[in-house]
Amino acid sequence: MNLLEISDLAVSVGNQPILRGIDLNVCAGEVHAIMGPNGSGKSTLANVIAGREDYQIDRGRIALEGQEITTLSPEERAHRGLFLAFQYPIEIPGVSNMEFLKAAVDSQARAAGDPEITAVDFMQMARIAAEQLGLNPEFLKRGVNEGFSGGEKKRNEILQMLILKPKVSILDETDSGLDIDALRIVANGISAFTNTTNAVVLVTHYQRLLDHIEPDFVHVIANGSIVRSGDHSLALELEEKGYSWLEND
Amino acid sequence: MGLVDAASVIESLEAFEPRYLPWLDRRDTLALLKDGALPRPNSEAWKYTDPVPFFDPQDDVSDRRDTTTIPATPSHTVGFESDTVRELVTTYINQAVDQRRYPLAAISYLKIDCGVVIHVKPGDKTESIELGELDGQFQRVLVIVEAEARLELIETTTGSNRIVECFVAPGAKLRHRRLQPPGTGVDYNLVAINIAENGSYSLSQYSTGARLRRNDISVNILGTGAEAELTGAWQLNEALHLDNQISVNHMFAGGTSRQHFRGNVNDRAKSIFNGRIYIAPNAQQTNATLTNRNLVVSSEAEVYTKPELEIYANDVVCSHGATIGQLDTDALFYFQSRGIGEADARAILIKGFLNEVVSHADGRTLLGIET
Ligand SMILES: Nc1ncnc2c1ncn2[C@@H]1O[C@H](COP(=O)(O)OP(=O)(O)OP(=O)(O)O)[C@@H](O)[C@H]1O
Ligand SMILES: [Mg+2]
């Protein structure tokens, strides 16, 4: 079944078109990679799917498990199983990581009509996820992303994914800023998380990550359109040749 | 803003016959008020708060009463009359207060009807005193922390007019927590602090507003190694009003001061903050910082903030910053993308914003930001 279905999505900011008719279908159990030059619209796509308001949707639709979500608030989309790992996770001093995560888990439980998880169980779950990603559990006590290194911020995004267990995760350049060991740890975390009922969309500039997580599909966005889709070999070809040969097509 | 009718204020003060502490010498204070210390039209200090209700001479002074809710202990005495404290009172009263700058403190001195002396002996490090409701309209609290002594003072302000004078002796430490629950009236508070060498004073002030509430804070750094750390947070709702006017005066070299205040202003509330750092010509090697950050949610709320620097020494480190802003939309989106609804996200972000200057559970409760 299609978990995420995007058809003819066109998006602009002000009068400036940024996405010019994107089609993308992601089924349960799949891993997709989205590549493309700087400024081509990858993060815009990710943000629009997550429900960020700064963009104007000119046409097209976004559906999650067959249901249109374009009019839903970001939190409603999250309740339905959507997750965005930010390219630039924001720092929020004064709010601890733990408090933030607990609020997220509680909100989602409430939306699903599930009972709230106890503080003890939550701590346990958070600690296990932190350890899985090689994060010192002390991180949970610090302000959200406050003073985290670039790599720590990215790991913290994946930590949230592991705890919230979304159906569709869009990971926007989660590999950027990770050292070689961290990349392997994070990739293993993502791989262990994927199963036949969820799906992951990896936005990345580098083939490196895809060595750890084998994608089923690779898409290239250039200037707001998907200009080519293929399998893993496309990523290898891009690594070798760059993007210019595609743009000249 | 209304105009204070100086002539009628003076007239009523001259006619006033003190029944409490008739032995206090009030002549200089009266002379100073006559000499133009009352707020003039366009007074900077009263730019956003109407002074008239504060100076209203119709305000009748209650009979003197010494009953208060704080139990007396060896280190503090309720009432200024007993022989044991009379000497302390005459020695210390008005020593930390610049009456010309704070005319309401001058009037309060003339009309004083309630007094408390807290006197911590040298080296005594055990005291923690709660100062709640005091029975009087013109209250004066003298806090004397002798050399190398320590005191934690937890004060709840309850309206009316209260002047707290603090004297931090060499090497002494005073931690002052101040809770200001919402009020319906007009209330005036001055805290005036003198800090001697290597003395340390810290203020943690948690405020809501009143119909009109004015907090004047005046810190005199009087010795090398003296330090003042002033923090405060406020949460203003409805049409409540809060005006904080702070002046840190570095009169001596080698002192340190840090001011960090944050407020969240809702509805039709009005928040005024003025933070002044004065560094005297001889106060070299001073380190002074000032931060005031405000969150404004409502378009009907009013927030005014102004740092004021008067620096006459050249070898100092001084920094200041004041901001008025909305909640960060990127932060809101981050929360929402994790499934946290907008209202909850706002509440958590406001709490996080204020939490940076909140370090006591009772402060959190007062501000409505407990977890
Ligand atoms: N809120 C916005 N306002 C104005 N322009 C925007 C906004 N968001 C994105 N853009 C523009 O849209 C284009 C696509 O940006 P986007 O961030 O989606 O690129 P990207 O593919 O993620 O690039 P990178 O690889 O550098 O992360 C850029 O030219 C960017 O400046
Ligand atoms: Mg991007």
# chains A, B, ... in the order shown; residues from 1 in each chain; ligands from 1
>>> residues_around(residues="B:Glu127", least_positions_apart="4", cutoff="8 Å", atoms="only C-alpha atoms", output="ChimeraX atom specification")
/B:120,150-152
>>> residues_near_ligand(ligand="ligand 1", cutoff="10 Å", atoms="only C-alpha atoms and all ligand atoms", output="MDAnalysis selection string")
chainID A and resid 11:19 34:48 52:56 87:88 172:173 203:205 221:224
>>> interface_residues(of="chain B", to="chain A", cutoff="10 Å", atoms="only C-alpha atoms", output="list in words")
Asp328, Thr329, Asp330, Ala331, Phe333, Tyr334, Phe335, Gln336, Ser337, Arg338, Gly339, Ile340, Gly341, Glu342, Asp344, Ala345, Ile348, Leu349, Ile350, Lys351, Gly352, Phe353, Leu354, Asn355, Glu356, Val357, Val358 and Thr371 of chain B
>>> atom_distance(atom1="atom CA of A:Ser229", atom2="atom CA of A:Asn25")
11.5 Å
>>> residues_around(residues="B:Glu14", least_positions_apart="2", cutoff="12 Å", atoms="only C-alpha atoms", output="short mmCIF file (atom, residue, chain, number, x, y, z; two decimals) with N, CA and C atoms, in the first residue's frame")
data_model
loop_
_atom_site.label_atom_id
_atom_site.label_comp_id
_atom_site.auth_asym_id
_atom_site.auth_seq_id
_atom_site.Cartn_x
_atom_site.Cartn_y
_atom_site.Cartn_z
N ALA B 7 2.39 70.83 45.38
CA ALA B 7 2.01 71.73 46.48
C ALA B 7 1.11 71.02 47.47
N SER B 8 0.13 70.29 46.97
CA SER B 8 -0.79 69.67 47.92
C SER B 8 -0.15 68.47 48.60
N VAL B 9 0.76 67.79 47.91
CA VAL B 9 1.48 66.69 48.57
C VAL B 9 2.30 67.24 49.74
N ILE B 10 3.03 68.32 49.48
CA ILE B 10 3.86 68.93 50.52
C ILE B 10 3.00 69.42 51.68
N GLU B 11 1.90 70.05 51.31
CA GLU B 11 1.00 70.59 52.34
C GLU B 11 0.53 69.48 53.28
N SER B 12 0.14 68.37 52.69
CA SER B 12 -0.37 67.30 53.56
C SER B 12 0.76 66.67 54.38
N PHE B 16 1.16 66.54 58.52
CA PHE B 16 1.16 65.19 59.08
C PHE B 16 1.88 65.14 60.43
N GLU B 17 1.20 64.59 61.44
CA GLU B 17 1.84 64.47 62.74
C GLU B 17 2.13 63.01 63.02
N PRO B 18 3.40 62.67 63.04
CA PRO B 18 3.74 61.26 63.22
C PRO B 18 3.43 60.78 64.63
N ARG B 26 12.91 63.85 60.82
CA ARG B 26 12.28 63.85 59.51
C ARG B 26 12.55 65.14 58.73
N ARG B 27 13.26 66.08 59.34
CA ARG B 27 13.36 67.43 58.75
C ARG B 27 14.05 67.43 57.38
N THR B 29 14.36 65.12 55.23
CA THR B 29 13.55 64.46 54.20
C THR B 29 12.47 65.39 53.68
N LEU B 30 11.81 66.07 54.59
CA LEU B 30 10.77 67.00 54.18
C LEU B 30 11.36 68.12 53.33
N ALA B 31 12.52 68.62 53.76
CA ALA B 31 13.17 69.71 53.03
C ALA B 31 13.50 69.27 51.60
N LEU B 33 12.02 66.99 49.83
CA LEU B 33 10.81 66.88 49.01
C LEU B 33 10.34 68.26 48.57
N LYS B 34 10.48 69.23 49.48
CA LYS B 34 10.08 70.60 49.12
C LYS B 34 11.00 71.15 48.04
N PRO B 57 -2.32 62.25 48.25
CA PRO B 57 -2.25 62.63 49.66
C PRO B 57 -3.51 62.23 50.42
N ILE B 107 8.67 59.86 51.23
CA ILE B 107 7.34 60.02 51.83
C ILE B 107 7.08 58.87 52.80
N LEU B 110 8.67 59.55 56.07
CA LEU B 110 7.92 60.50 56.89
C LEU B 110 6.73 59.84 57.56
N LYS B 111 6.09 58.94 56.82
CA LYS B 111 4.83 58.38 57.31
C LYS B 111 4.96 56.97 57.87
#
>>> select_by_dssp(residues="stretch 1-248 of chain A", states="strand (DSSP E)", output="number ranges by chain")
A: 2-13, 16-27, 31-35, 56-64, 67-68, 82-85, 92-96, 143-144, 168-172, 199-203, 217-222, 225-230
>>> select_by_dssp(residues="stretch 23-111 of chain A", states="helix (DSSP H, G or I)", output="JSON, numbers by chain")
{"A": [42, 43, 44, 45, 46, 47, 48, 49, 50, 74, 75, 76, 77, 78, 79, 97, 98, 99, 100, 101, 102, 103, 104, 105, 106, 107, 108, 109, 110, 111]}
>>> atom_distance(atom1="atom CA of B:Arg175", atom2="atom CA of B:Ser202")
4.9 Å
>>> residues_around(residues="A:Ala187", least_positions_apart="2", cutoff="10 Å", atoms="only C-alpha atoms", output="PyMOL selection string")
chain A and resi 133+158+174-175+181-185+189-193+209-213
